[in-house]
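What follows is final05.cif (mmCIF, C-alpha atoms and all ligand atoms).
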data_query
loop_
_atom_site.label_atom_id
_atom_site.label_comp_id
_atom_site.auth_asym_id
_atom_site.auth_seq_id
_atom_site.Cartn_x
_atom_site.Cartn_y
_atom_site.Cartn_z
CA MET J 1 0.00 0.00 0.00
CA ALA J 2 1.37 3.42 -0.93
CA ARG J 3 1.93 5.87 1.93
CA GLY J 4 -0.87 8.40 2.19
CA CYS J 5 -3.19 6.32 0.05
CA ARG J 6 -5.34 3.76 1.86
CA THR J 7 -7.92 3.47 -0.84
CA ARG J 8 -6.21 1.00 -3.17
CA ARG J 9 -5.22 -2.58 -2.50
CA THR J 10 -3.38 -4.71 -5.01
CA THR J 11 -4.63 -8.28 -5.33
CA GLY J 12 -2.65 -10.20 -7.95
CA LEU J 13 -2.82 -8.11 -11.07
CA THR J 14 -5.93 -6.07 -10.19
CA VAL J 15 -6.14 -2.94 -8.08
CA VAL J 16 -9.34 -2.75 -6.01
CA TRP J 17 -10.76 0.05 -3.89
CA SER J 18 -11.08 -0.37 -0.15
CA PHE J 19 -12.44 2.59 1.79
CA ALA J 20 -15.39 3.80 3.85
CA GLN J 21 -17.05 7.20 3.47
CA ASN J 22 -18.85 8.77 6.45
CA ASN J 23 -21.47 11.27 5.32
CA LEU J 24 -22.68 14.04 7.59
CA GLU J 25 -26.16 13.90 9.13
CA GLN J 26 -26.76 17.59 8.76
CA ARG J 27 -29.15 20.02 7.10
CA VAL J 28 -27.33 22.80 5.24
CA ARG J 29 -29.16 25.92 4.07
CA PHE J 30 -27.74 28.66 1.88
CA ALA J 31 -29.82 31.81 2.42
CA THR J 32 -27.93 34.86 1.22
CA GLY J 33 -29.52 37.92 2.79
CA GLY J 34 -32.18 35.69 4.40
CA ALA J 35 -30.64 34.36 7.61
CA ARG J 36 -33.27 35.91 9.87
CA ALA J 37 -36.21 34.07 8.29
CA ALA J 38 -34.22 30.87 7.70
CA ILE J 39 -33.10 30.65 11.35
CA ALA J 40 -36.64 31.19 12.67
CA GLU J 41 -37.93 28.47 10.32
CA GLU J 42 -35.21 26.03 11.30
CA ILE J 43 -35.80 26.57 15.03
CA ALA J 44 -39.50 25.90 14.50
CA ARG J 45 -38.67 22.73 12.52
CA LEU J 46 -36.52 21.51 15.40
CA GLY J 47 -39.28 22.35 17.89
CA ALA J 48 -36.83 24.13 20.21
CA THR J 49 -38.20 26.43 22.90
CA ARG J 50 -35.16 27.07 25.17
CA VAL J 51 -32.64 28.69 22.83
CA VAL J 52 -29.21 29.65 24.17
CA VAL J 53 -27.27 31.95 21.87
CA ILE J 54 -23.48 31.76 21.68
CA ALA J 55 -21.92 34.81 20.03
CA GLY J 56 -18.68 36.67 20.76
CA ALA J 57 -18.20 40.42 20.50
CA GLN J 58 -18.55 40.68 16.69
CA GLY J 59 -21.10 37.89 16.46
CA ALA J 60 -23.31 39.54 19.11
CA MET J 61 -24.21 42.42 16.79
CA LEU J 62 -24.96 40.05 13.93
CA ALA J 63 -26.85 37.72 16.28
CA ARG J 64 -29.12 40.54 17.43
CA GLU J 65 -30.07 41.22 13.79
CA VAL J 66 -30.74 37.64 12.76
CA LEU J 67 -32.48 36.53 15.99
CA LEU J 68 -35.08 39.30 16.17
CA ASP J 69 -37.86 36.71 15.73
CA VAL J 70 -36.48 34.26 18.28
CA GLU J 71 -37.15 34.09 22.01
CA VAL J 72 -33.74 33.72 23.64
CA ALA J 73 -33.41 31.95 27.03
CA ALA J 74 -29.78 32.99 27.66
CA THR J 75 -26.69 34.30 25.89
CA VAL J 76 -23.01 33.36 26.13
CA ASP J 77 -20.69 36.09 24.88
CA ASN J 78 -17.31 35.12 26.30
CA VAL J 79 -15.73 33.50 23.23
CA VAL J 80 -11.96 32.90 23.13
CA MET J 81 -9.97 31.37 20.26
CA HIS J 82 -8.89 27.72 20.70
CA THR J 83 -11.62 27.25 23.37
CA PRO J 84 -9.87 27.27 26.76
CA VAL J 85 -11.37 24.69 29.13
CA ALA J 86 -12.42 27.32 31.71
CA ILE J 87 -14.41 29.26 29.07
CA ALA J 88 -16.12 26.03 28.00
CA GLU J 89 -17.04 25.19 31.60
CA ALA J 90 -18.63 28.63 32.09
CA ALA J 91 -20.67 28.28 28.87
CA ARG J 92 -21.87 24.79 29.90
CA GLN J 93 -23.07 26.25 33.19
CA VAL J 94 -25.11 28.93 31.41
CA ALA J 95 -26.69 26.32 29.10
CA LEU J 96 -27.50 24.04 32.03
CA GLU J 97 -29.09 26.79 34.11
CA ALA J 98 -31.16 27.96 31.12
CA GLY J 99 -32.38 24.41 30.40
CA ALA J 100 -31.16 24.80 26.80
CA ASP J 101 -32.74 22.56 24.17
CA LEU J 102 -30.89 24.30 21.30
CA LEU J 103 -27.63 26.23 20.98
CA VAL J 104 -27.55 28.84 18.24
CA SER J 105 -23.98 29.90 17.47
CA VAL J 106 -23.43 33.07 15.45
CA GLY J 107 -19.76 33.72 14.70
CA GLY J 108 -16.52 32.26 13.41
CA GLY J 109 -14.82 28.98 14.23
CA SER J 110 -14.13 30.05 17.83
CA THR J 111 -17.85 30.61 18.45
CA THR J 112 -18.87 27.34 16.80
CA GLY J 113 -16.08 25.70 18.80
CA LEU J 114 -17.55 26.96 22.08
CA ALA J 115 -21.00 25.66 21.12
CA LYS J 116 -19.38 22.31 20.34
CA ALA J 117 -17.71 22.25 23.76
CA VAL J 118 -21.15 22.67 25.35
CA ALA J 119 -22.71 20.03 23.08
CA LEU J 120 -19.88 17.62 23.90
CA ALA J 121 -20.72 17.78 27.61
CA LEU J 122 -24.51 18.18 27.49
CA GLY J 123 -25.57 16.68 24.16
CA THR J 124 -27.53 19.84 23.26
CA PRO J 125 -28.08 20.20 19.47
CA ILE J 126 -26.50 23.14 17.62
CA LEU J 127 -27.81 25.41 14.88
CA ALA J 128 -24.70 27.09 13.47
CA VAL J 129 -24.62 30.43 11.66
CA PRO J 130 -21.03 30.90 10.48
CA THR J 131 -19.57 34.36 9.91
CA THR J 132 -16.08 33.28 8.72
CA TYR J 133 -14.89 30.58 6.30
CA ALA J 134 -13.34 28.33 8.98
CA GLY J 135 -15.81 25.51 8.32
CA SER J 136 -16.10 24.18 11.88
CA GLU J 137 -19.90 24.13 11.43
CA ALA J 138 -19.63 21.20 8.99
CA THR J 139 -17.36 18.90 11.00
CA PRO J 140 -17.83 16.63 14.04
CA VAL J 141 -14.41 17.80 15.31
CA TRP J 142 -14.11 19.56 18.68
CA GLY J 143 -11.06 21.25 20.21
CA LEU J 144 -10.24 22.35 23.74
CA THR J 145 -7.09 24.00 25.09
CA GLU J 146 -5.62 23.60 28.54
CA ALA J 147 -2.11 24.51 29.74
CA ALA J 148 -0.96 25.47 26.20
CA ARG J 149 -2.02 22.09 24.83
CA LYS J 150 -4.84 21.84 22.32
CA THR J 151 -6.70 18.54 22.32
CA THR J 152 -9.00 17.67 19.45
CA GLY J 153 -11.44 14.82 19.05
CA VAL J 154 -14.31 13.60 16.91
CA ASP J 155 -17.80 13.17 18.33
CA ARG J 156 -21.02 13.13 16.34
CA ARG J 157 -22.83 15.02 19.14
CA VAL J 158 -20.88 18.19 18.28
CA LEU J 159 -21.81 18.22 14.58
CA PRO J 160 -24.40 21.02 14.20
CA ARG J 161 -27.84 19.64 13.22
CA VAL J 162 -28.45 22.64 10.98
CA VAL J 163 -26.18 25.19 9.30
CA VAL J 164 -27.51 28.47 7.90
CA TYR J 165 -25.06 30.16 5.53
CA ASP J 166 -25.70 33.81 4.73
CA ALA J 167 -22.89 35.58 2.88
CA ALA J 168 -24.27 38.95 4.02
CA LEU J 169 -23.12 38.08 7.56
CA THR J 170 -19.50 37.84 6.38
CA THR J 171 -19.23 41.24 4.67
CA THR J 172 -18.10 42.84 7.97
CA LEU J 173 -15.19 40.40 8.28
CA PRO J 174 -12.06 42.48 7.58
CA VAL J 175 -10.35 41.70 4.26
CA GLY J 176 -7.15 40.34 5.83
CA MET J 177 -9.08 37.99 8.10
CA SER J 178 -11.36 37.00 5.21
CA ILE J 179 -8.37 36.02 3.07
CA SER J 180 -6.70 34.01 5.85
CA SER J 181 -10.01 32.36 6.69
CA GLY J 182 -10.51 31.45 3.02
CA LEU J 183 -7.00 29.97 2.93
CA ASN J 184 -7.94 27.99 6.06
CA ALA J 185 -10.64 26.41 3.89
CA VAL J 186 -8.09 25.71 1.14
CA ALA J 187 -5.97 24.00 3.82
CA HIS J 188 -8.91 21.72 4.72
CA CYS J 189 -9.07 20.70 1.07
CA VAL J 190 -5.36 20.11 0.51
CA ASP J 191 -4.88 18.19 3.76
CA ALA J 192 -7.99 16.09 3.00
CA LEU J 193 -6.17 14.71 -0.07
CA TRP J 194 -3.70 12.73 2.11
CA ALA J 195 -5.33 12.65 5.56
CA PRO J 196 -5.82 9.27 7.29
CA ASN J 197 -9.25 8.59 5.72
CA ALA J 198 -8.62 10.22 2.34
CA ASN J 199 -10.67 8.59 -0.40
CA PRO J 200 -11.81 9.34 -3.97
CA ILE J 201 -15.12 10.85 -2.80
CA ASN J 202 -13.69 13.47 -0.47
CA ALA J 203 -10.92 14.11 -3.03
CA VAL J 204 -13.61 15.35 -5.42
CA LEU J 205 -15.07 17.62 -2.72
CA ALA J 206 -11.58 18.88 -1.91
CA GLN J 207 -10.64 19.58 -5.53
CA GLU J 208 -13.86 21.49 -6.16
CA GLY J 209 -13.35 23.32 -2.86
CA ILE J 210 -9.88 24.51 -3.95
CA ARG J 211 -11.22 25.56 -7.35
CA ALA J 212 -14.12 27.46 -5.82
CA ALA J 213 -11.89 29.17 -3.21
CA ALA J 214 -9.31 30.16 -5.84
CA ASP J 215 -12.17 31.65 -7.85
CA ALA J 216 -13.74 33.39 -4.83
CA LEU J 217 -10.72 34.85 -3.04
CA PRO J 218 -9.46 37.27 -5.72
CA ARG J 219 -13.06 38.54 -6.16
CA LEU J 220 -13.43 38.95 -2.40
CA HIS J 221 -10.03 40.67 -2.20
CA ALA J 222 -10.92 43.12 -4.97
CA ARG J 223 -14.48 43.90 -3.82
CA PRO J 224 -14.90 42.80 -0.18
CA TRP J 225 -18.19 44.66 0.24
CA GLU J 226 -19.89 42.60 -2.49
CA LEU J 227 -21.73 39.35 -1.88
CA ASP J 228 -20.41 37.64 -5.03
CA GLY J 229 -16.95 36.63 -3.76
CA ARG J 230 -18.23 35.98 -0.25
CA GLU J 231 -21.04 33.68 -1.38
CA ARG J 232 -18.65 31.69 -3.55
CA MET J 233 -16.24 31.51 -0.61
CA LEU J 234 -18.93 30.13 1.72
CA TYR J 235 -19.67 27.41 -0.86
CA ALA J 236 -15.94 26.58 -0.96
CA ALA J 237 -15.76 26.64 2.84
CA TYR J 238 -18.59 24.12 3.14
CA LEU J 239 -17.04 21.74 0.58
CA ALA J 240 -13.68 22.07 2.32
CA ALA J 241 -15.13 21.28 5.72
CA ALA J 242 -17.10 18.32 4.38
CA ALA J 243 -13.94 16.90 2.79
CA PHE J 244 -11.93 17.49 5.97
CA ALA J 245 -14.67 16.00 8.17
CA ALA J 246 -14.60 12.77 6.20
CA ALA J 247 -10.83 12.56 5.63
CA GLY J 248 -9.62 13.53 9.12
CA SER J 249 -6.62 15.61 10.16
CA GLY J 250 -3.50 15.25 8.04
CA LEU J 251 -0.01 16.55 8.74
CA HIS J 252 -0.96 20.17 8.01
CA HIS J 253 -3.72 20.27 10.65
CA LYS J 254 -1.56 18.52 13.21
CA ILE J 255 1.15 21.17 12.71
CA CYS J 256 -1.33 24.05 13.03
CA HIS J 257 -3.02 22.59 16.11
CA VAL J 258 0.30 22.11 17.91
CA LEU J 259 1.45 25.65 17.03
CA GLY J 260 -1.93 27.23 17.84
CA GLY J 261 -2.12 25.57 21.26
CA ARG J 262 1.55 26.11 22.25
CA TYR J 263 1.96 29.73 21.12
CA ASP J 264 -1.65 30.95 20.96
CA LEU J 265 -1.20 31.79 17.26
CA PRO J 266 -4.17 33.08 15.22
CA HIS J 267 -5.73 29.98 13.65
CA ALA J 268 -6.57 31.04 10.09
CA GLN J 269 -3.33 32.99 9.56
CA THR J 270 -1.26 30.04 10.80
CA HIS J 271 -2.95 27.83 8.18
CA ALA J 272 -2.26 30.41 5.47
CA VAL J 273 1.47 30.51 6.31
CA VAL J 274 2.08 26.78 6.82
CA LEU J 275 0.07 25.29 3.92
CA PRO J 276 2.49 25.94 1.00
CA HIS J 277 5.32 24.42 3.06
CA VAL J 278 3.37 21.23 3.82
CA LEU J 279 2.33 20.93 0.18
CA ALA J 280 5.97 21.28 -0.90
CA TYR J 281 7.03 18.76 1.78
CA ASN J 282 4.52 16.11 0.67
CA ARG J 283 4.59 16.72 -3.08
CA PRO J 284 7.43 14.29 -3.95
CA HIS J 285 5.40 11.40 -2.49
CA ALA J 286 1.93 12.73 -3.30
CA VAL J 287 2.07 13.17 -7.05
CA GLU J 288 -1.63 12.45 -7.68
CA GLN J 289 -2.72 14.78 -4.89
CA ALA J 290 -0.45 17.60 -6.09
CA ALA J 291 -1.85 17.13 -9.61
CA ARG J 292 -5.37 17.63 -8.20
CA VAL J 293 -4.29 20.85 -6.47
CA ALA J 294 -2.64 22.11 -9.68
CA ALA J 295 -5.72 21.22 -11.75
CA ALA J 296 -8.00 22.99 -9.25
CA LEU J 297 -5.81 26.10 -9.35
CA GLY J 298 -5.49 25.91 -13.15
CA VAL J 299 -1.67 25.89 -13.01
CA ALA J 300 1.13 23.49 -13.93
CA ASP J 301 2.85 23.47 -10.54
CA ALA J 302 0.78 23.09 -7.37
CA VAL J 303 3.28 24.63 -4.92
CA GLU J 304 4.04 27.57 -7.18
CA GLY J 305 0.31 28.09 -7.84
CA LEU J 306 -0.59 28.04 -4.14
CA THR J 307 2.33 30.31 -3.21
CA ASN J 308 1.35 32.80 -5.91
CA LEU J 309 -2.30 32.75 -4.82
CA THR J 310 -1.33 33.35 -1.18
CA ARG J 311 1.10 36.16 -1.97
CA GLY J 312 -1.21 37.80 -4.50
CA LEU J 313 -3.87 38.06 -1.81
CA GLY J 314 -1.47 39.68 0.65
CA ALA J 315 -1.82 36.84 3.18
CA PRO J 316 0.78 36.52 5.95
CA THR J 317 3.82 34.49 4.91
CA THR J 318 5.85 34.02 8.12
CA LEU J 319 5.18 32.44 11.51
CA ARG J 320 7.48 35.13 12.93
CA GLU J 321 4.95 37.88 12.12
CA LEU J 322 2.22 35.83 13.84
CA GLY J 323 4.20 35.86 17.09
CA MET J 324 5.84 32.45 17.15
CA PRO J 325 9.18 32.46 19.00
CA GLY J 326 12.10 31.46 16.77
CA ASP J 327 14.04 29.63 19.47
CA ASP J 328 11.55 26.83 20.06
CA LEU J 329 11.38 25.20 16.62
CA ALA J 330 13.01 21.90 17.64
CA THR J 331 10.67 21.43 20.61
CA ALA J 332 7.64 22.28 18.46
CA ALA J 333 8.84 19.82 15.80
CA ALA J 334 9.12 17.05 18.40
CA ALA J 335 5.56 17.76 19.60
CA ILE J 336 4.31 17.60 15.98
CA VAL J 337 6.09 14.32 15.24
CA ALA J 338 4.38 12.78 18.30
CA VAL J 339 0.90 13.42 16.80
CA ALA J 340 1.55 13.32 13.04
CA PRO J 341 -0.37 10.69 11.02
CA SER J 342 1.69 7.57 10.35
CA ASN J 343 0.51 7.38 6.72
CA ASN J 344 1.68 10.86 5.72
CA PRO J 345 2.95 10.61 2.12
CA THR J 346 6.47 11.86 2.96
CA PRO J 347 8.08 10.20 5.99
CA ILE J 348 8.22 12.47 9.04
CA THR J 349 11.22 13.05 11.31
CA ALA J 350 11.88 15.70 13.95
CA ASP J 351 14.68 17.04 11.76
CA THR J 352 12.61 17.44 8.56
CA ILE J 353 9.68 19.00 10.46
CA ALA J 354 12.05 21.42 12.22
CA ARG J 355 13.33 22.48 8.79
CA LEU J 356 9.77 22.92 7.51
CA LEU J 357 8.98 25.08 10.56
CA GLU J 358 12.13 27.13 10.07
CA ALA J 359 11.17 27.84 6.44
CA ALA J 360 7.63 28.82 7.50
CA TRP J 361 8.96 30.90 10.40
CA LYS J 362 11.18 33.05 8.23
CA GLY J 363 9.12 32.92 5.04
CA ALA J 364 11.59 31.00 2.86
CA GLU J 365 10.45 29.58 -0.48
CA PRO J 366 8.46 26.37 0.20
CA ALA J 367 10.73 23.44 -0.67
P1 LIG J 401 -12.56 33.38 15.00
O1 LIG J 401 -13.86 32.71 15.11
O2 LIG J 401 -11.74 33.48 16.26
O3 LIG J 401 -12.76 34.82 14.37
C1 LIG J 401 -11.63 35.63 14.12
C2 LIG J 401 -11.95 37.09 14.41
O4 LIG J 401 -12.92 37.54 13.49
C3 LIG J 401 -12.55 37.33 15.80
O5 LIG J 401 -12.02 38.50 16.32
C4 LIG J 401 -14.04 37.47 15.52
O6 LIG J 401 -14.68 38.28 16.48
C5 LIG J 401 -14.01 38.16 14.17
N1 LIG J 401 -15.19 37.93 13.34
C6 LIG J 401 -15.81 36.76 13.07
N2 LIG J 401 -16.80 36.95 12.21
C7 LIG J 401 -16.83 38.27 11.92
C8 LIG J 401 -17.62 39.08 11.06
N3 LIG J 401 -18.57 38.55 10.28
N4 LIG J 401 -17.36 40.40 11.02
C9 LIG J 401 -16.36 40.94 11.75
N5 LIG J 401 -15.56 40.23 12.57
C10 LIG J 401 -15.80 38.90 12.65
O7 LIG J 401 -11.60 32.68 13.92
P2 LIG J 401 -11.84 31.47 12.90
O8 LIG J 401 -10.61 31.40 12.10
O9 LIG J 401 -13.13 31.56 12.22
O10 LIG J 401 -11.91 30.20 13.85
C11 LIG J 401 -10.77 29.73 14.53
C12 LIG J 401 -11.13 28.67 15.53
O11 LIG J 401 -11.99 27.70 14.93
C13 LIG J 401 -9.92 27.93 16.06
O12 LIG J 401 -10.06 27.66 17.44
C14 LIG J 401 -9.96 26.63 15.28
O13 LIG J 401 -9.33 25.56 15.93
C15 LIG J 401 -11.43 26.40 15.12
N6 LIG J 401 -11.77 25.59 13.94
C16 LIG J 401 -12.29 24.37 14.17
C17 LIG J 401 -12.63 23.56 13.11
C18 LIG J 401 -13.26 22.23 13.38
O14 LIG J 401 -13.58 21.50 12.47
N7 LIG J 401 -13.46 21.87 14.62
C19 LIG J 401 -12.43 23.98 11.79
C20 LIG J 401 -11.88 25.25 11.58
C21 LIG J 401 -11.57 26.06 12.68
#

Could you quickly redo this structure as structure tokens?
Amino acid sequence: MARGCRTRRTTGLTVVWSFAQNNLEQRVRFATGGARAAIAEEIARLGATRVVVIAGAQGAMLAREVLLDVEVAATVDNVVMHTPVAIAEAARQVALEAGADLLVSVGGGSTTGLAKAVALALGTPILAVPTTYAGSEATPVWGLTEAARKTTGVDRRVLPRVVVYDAALTTTLPVGMSISSGLNAVAHCVDALWAPNANPINAVLAQEGIRAAADALPRLHARPWELDGRERMLYAAYLAAAAFAAAGSGLHHKICHVLGGRYDLPHAQTHAVVLPHVLAYNRPHAVEQAARVAAALGVADAVEGLTNLTRGLGAPTTLRELGMPGDDLATAAAAIVAVAPSNNPTPITADTIARLLEAAWKGAEPA
């Protein structure tokens, strides 16, 4: 069996497929400009009467607008990136005291992540209204951080029952954050091509996700106030998350989770910086996957195409500018090696990962 490819088994002279695809039990609604009505309808469909809203500072304003028709039992507004355990405990307490039968999260991945932390403990269903392109709303993956260590896991209870996408809710997301968030979605796609449960079905989702994001991001960059680029980007973000949810976390996500937890780095920006380096690292042993990325980007060389896309959009290119200390690369590399998937296309050692981190830290050409 080839590294990074669990889908094909060779029996004698024939090659047969051997894989399982988990599909999401989730209702997904696209309602550009219509979130308010769509949310009210979905809450009625679910029959929920004790709604607890989870929305951080930015989300709170948007939540007020889209929940005008909803009776709210309680609100949680203390949202912190990477979901510290203490913040999750406080939110669970609010939901318990309110007798919540539905959590409505309005915000980016951090807000959805907090709703997931509550659902993980209490089993309360979630209706997610995303306002970034992180894609957490379409995965059963949760994450919690304690003592600079981010732990992630998969649990079907945290997968939102319903997602309402409304591109109008993302027009306030600043351009820089929008671009990094969109590249976070591209990272879901690329990593899904070689993640532990990669298969031909999620490869199709991933390839279309990269194509759609590469189409959306320059539009969004040029005219951030328009719905066109943002609607296309939400479509890409959903495909990306669906591919990632089925394929699992590959090397790229393991690197970003370790760095995010250890150094409290901004999630989307970390993905934007690291992705071209992981693609370059895996490319020699992931020829088919790199060809898919190149085809999706409409270029001959996947690494060059991704690097040009990232730079053209003005995304961050160094871990240094995100606040990562430069004197801890070897320790970070060791922590990554301990959690990296064993079937990564290119073999992983502490030395090669330290070199990858060094290149990403200083913004060297991905190689
Ligand atoms: P975020 O949710 O922290 O949002 C980033 C910033 O943008 C915040 O300051 C927020 O207030 C602001 N913001 C969000 N929406 C806005 C809007 N419409 N207008 C103006 N400002 C807005 O960042 P993120 O990148 O969306 O999410 C990162 C978190 O999500 C990380 O903890 C990451 O681990 C998690 N995540 C989880 C999954 C998963 O599958 N479990 C997938 C992706 C991300």

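A straight line drawn from atom C10 of ligand LIG 401 (chain J) to atom CA of Val190 of chain J is 24.7 Å long.
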
**OP:** Rank nothing, just name the residue among J:Ile43, J:Val51, J:Val274, J:Ala90 nearest to Arg161 of chain J, using all atoms listed in the file.
**Re:**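 Result for the nearest residue to Arg161 of chain J: J:Ile43.
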
**OP:** Skip Thr152 of chain J itself and residues of its chain fewer than 6 positions away, then list as number ranges by chain all residues within 10 Å of it, counting all atoms listed in the file.
**Re:** J: 141-145, 249, 254, 257

Original post:
Taking all atoms listed in the file into account, which residues are within 8 Å of ligand LIG 401 (chain J), as an MDAnalysis selection string?
Top reply: chainID J and resid 56:59 62 80:83 107:113 130:143 152 169:174 177 180:181 184:185 241 244:245 257 260 266:269

Residues just named, written with C-alpha atoms as a PDB file, in the frame of the given file:
ATOM      1  CA  GLY J  56     -18.680  36.670  20.760  1.00  0.00           C
ATOM      2  CA  ALA J  57     -18.200  40.420  20.500  1.00  0.00           C
ATOM      3  CA  GLN J  58     -18.550  40.680  16.690  1.00  0.00           C
ATOM      4  CA  GLY J  59     -21.100  37.890  16.460  1.00  0.00           C
ATOM      5  CA  LEU J  62     -24.960  40.050  13.930  1.00  0.00           C
ATOM      6  CA  VAL J  80     -11.960  32.900  23.130  1.00  0.00           C
ATOM      7  CA  MET J  81      -9.970  31.370  20.260  1.00  0.00           C
ATOM      8  CA  HIS J  82      -8.890  27.720  20.700  1.00  0.00           C
ATOM      9  CA  THR J  83     -11.620  27.250  23.370  1.00  0.00           C
ATOM     10  CA  GLY J 107     -19.760  33.720  14.700  1.00  0.00           C
ATOM     11  CA  GLY J 108     -16.520  32.260  13.410  1.00  0.00           C
ATOM     12  CA  GLY J 109     -14.820  28.980  14.230  1.00  0.00           C
ATOM     13  CA  SER J 110     -14.130  30.050  17.830  1.00  0.00           C
ATOM     14  CA  THR J 111     -17.850  30.610  18.450  1.00  0.00           C
ATOM     15  CA  THR J 112     -18.870  27.340  16.800  1.00  0.00           C
ATOM     16  CA  GLY J 113     -16.080  25.700  18.800  1.00  0.00           C
ATOM     17  CA  PRO J 130     -21.030  30.900  10.480  1.00  0.00           C
ATOM     18  CA  THR J 131     -19.570  34.360   9.910  1.00  0.00           C
ATOM     19  CA  THR J 132     -16.080  33.280   8.720  1.00  0.00           C
ATOM     20  CA  TYR J 133     -14.890  30.580   6.300  1.00  0.00           C
ATOM     21  CA  ALA J 134     -13.340  28.330   8.980  1.00  0.00           C
ATOM     22  CA  GLY J 135     -15.810  25.510   8.320  1.00  0.00           C
ATOM     23  CA  SER J 136     -16.100  24.180  11.880  1.00  0.00           C
ATOM     24  CA  GLU J 137     -19.900  24.130  11.430  1.00  0.00           C
ATOM     25  CA  ALA J 138     -19.630  21.200   8.990  1.00  0.00           C
ATOM     26  CA  THR J 139     -17.360  18.900  11.000  1.00  0.00           C
ATOM     27  CA  PRO J 140     -17.830  16.630  14.040  1.00  0.00           C
ATOM     28  CA  VAL J 141     -14.410  17.800  15.310  1.00  0.00           C
ATOM     29  CA  TRP J 142     -14.110  19.560  18.680  1.00  0.00           C
ATOM     30  CA  GLY J 143     -11.060  21.250  20.210  1.00  0.00           C
ATOM     31  CA  THR J 152      -9.000  17.670  19.450  1.00  0.00           C
ATOM     32  CA  LEU J 169     -23.120  38.080   7.560  1.00  0.00           C
ATOM     33  CA  THR J 170     -19.500  37.840   6.380  1.00  0.00           C
ATOM     34  CA  THR J 171     -19.230  41.240   4.670  1.00  0.00           C
ATOM     35  CA  THR J 172     -18.100  42.840   7.970  1.00  0.00           C
ATOM     36  CA  LEU J 173     -15.190  40.400   8.280  1.00  0.00           C
ATOM     37  CA  PRO J 174     -12.060  42.480   7.580  1.00  0.00           C
ATOM     38  CA  MET J 177      -9.080  37.990   8.100  1.00  0.00           C
ATOM     39  CA  SER J 180      -6.700  34.010   5.850  1.00  0.00           C
ATOM     40  CA  SER J 181     -10.010  32.360   6.690  1.00  0.00           C
ATOM     41  CA  ASN J 184      -7.940  27.990   6.060  1.00  0.00           C
ATOM     42  CA  ALA J 185     -10.640  26.410   3.890  1.00  0.00           C
ATOM     43  CA  ALA J 241     -15.130  21.280   5.720  1.00  0.00           C
ATOM     44  CA  PHE J 244     -11.930  17.490   5.970  1.00  0.00           C
ATOM     45  CA  ALA J 245     -14.670  16.000   8.170  1.00  0.00           C
ATOM     46  CA  HIS J 257      -3.020  22.590  16.110  1.00  0.00           C
ATOM     47  CA  GLY J 260      -1.930  27.230  17.840  1.00  0.00           C
ATOM     48  CA  PRO J 266      -4.170  33.080  15.220  1.00  0.00           C
ATOM     49  CA  HIS J 267      -5.730  29.980  13.650  1.00  0.00           C
ATOM     50  CA  ALA J 268      -6.570  31.040  10.090  1.00  0.00           C
ATOM     51  CA  GLN J 269      -3.330  32.990   9.560  1.00  0.00           C
TER      52      GLN J 269
END

Original post:
For Ile255 of chain J, which of J:Pro341, J:Gly176, J:Gly209, J:Pro316 is the closest residue, counting all atoms listed in the file?
Top reply: J:Pro341

**OP:** List the neighbours of Ala359 of chain J out to 12 Å using all atoms listed in the file; skip same-chain residues closer than 5 positions along the sequence, and give me the result as a list in words.
**Re:** Val273, Val274, Leu275, Pro276, His277, Val278, Ala280, Tyr281, Thr317, Thr318, Leu319, Arg320, Gly326, Leu329, Thr352, Ile353, Ala354, Ala364, Glu365, Pro366 and Ala367 of chain J

Subject >> From J:Leu306, J:Val53, J:Leu122, J:Leu234, residue lying nearest Phe30 of chain J [only C-alpha atoms] >> reply: J:Leu234

Original post:
What is the distance between atom CA of Ala37 of chain J and atom CA of Leu68 of chain J, in Å to one decimal?
Top reply: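 Interatomic distance, atom CA of Ala37 of chain J to atom CA of Leu68 of chain J: 9.5 Å.
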
**OP:** Have a look at atom CA of Gly250 of chain J and atom CA of Asp191 of chain J and let me know their distance in Å, one decimal.
**Re:**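 Interatomic distance here is 5.4 Å.
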
**OP:** Select all residues near (-21.3, 30.6, -8.5) (cut-off 10 Å, inclusive, file coordinates), counting only C-alpha atoms, and output them as a PyMOL selection string.
**Re:** chain J and resi 212+215-216+228-229+231-233+235

Subject >> Option closest in space to Ala333 of chain J, from J:Val258, J:Val293, J:Ala55, J:Ala203 [counting all atoms listed in the file] >> reply: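 With all atoms listed in the file as the atom set, the closest residue is J:Val258.
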
Subject >> Selection near Ala240 of chain J, 7 Å with only C-alpha atoms, sequence-local residues under 6 positions removed, as a list in words >> reply: Ala185, Val186, His188, Cys189, Leu205, Ala206 and Gly209 of chain J

Original post:
When distances are computed from all atoms listed in the file, which of J:Ala243, J:Ala121, J:Ala98, J:Thr32 shows the smallest separation from Val204 of chain J?
Top reply: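 Checking each candidate against Val204 of chain J, we get J:Ala243 as the closest.
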
To test the calculation: enclose all listed atoms of segment 19-23 of chain J in a box whose edges run along x, y and z, add 6 Å on each side, then state centre and edge lengths in Å to one decimal, as lines of an AutoDock Vina configuration file.
center_x = -17.0
center_y = 6.9
center_z = 4.1
size_x = 21.0
size_y = 20.7
size_z = 16.7

**OP:** Using all atoms listed in the file, pick whichever of J:Leu193, J:Ala300, J:Leu159, J:Ser342 has the shortest atom-to-atom distance to Asn23 of chain J.
**Re:**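 Nearest candidate to Asn23 of chain J out of J:Leu193, J:Ala300, J:Leu159, J:Ser342: J:Leu159.
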
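The environment of Ala294 of chain J within 10 Å, counting all atoms listed in the file and disregarding residues fewer than 2 places along the same chain, consists of Gln207, Ile210, Arg211, Glu288, Gln289, Ala290, Ala291, Arg292, Ala296, Leu297, Gly298, Val299, Ala300, Asp301, Ala302, Val303, Glu304, Gly305 and Leu306 of chain J.
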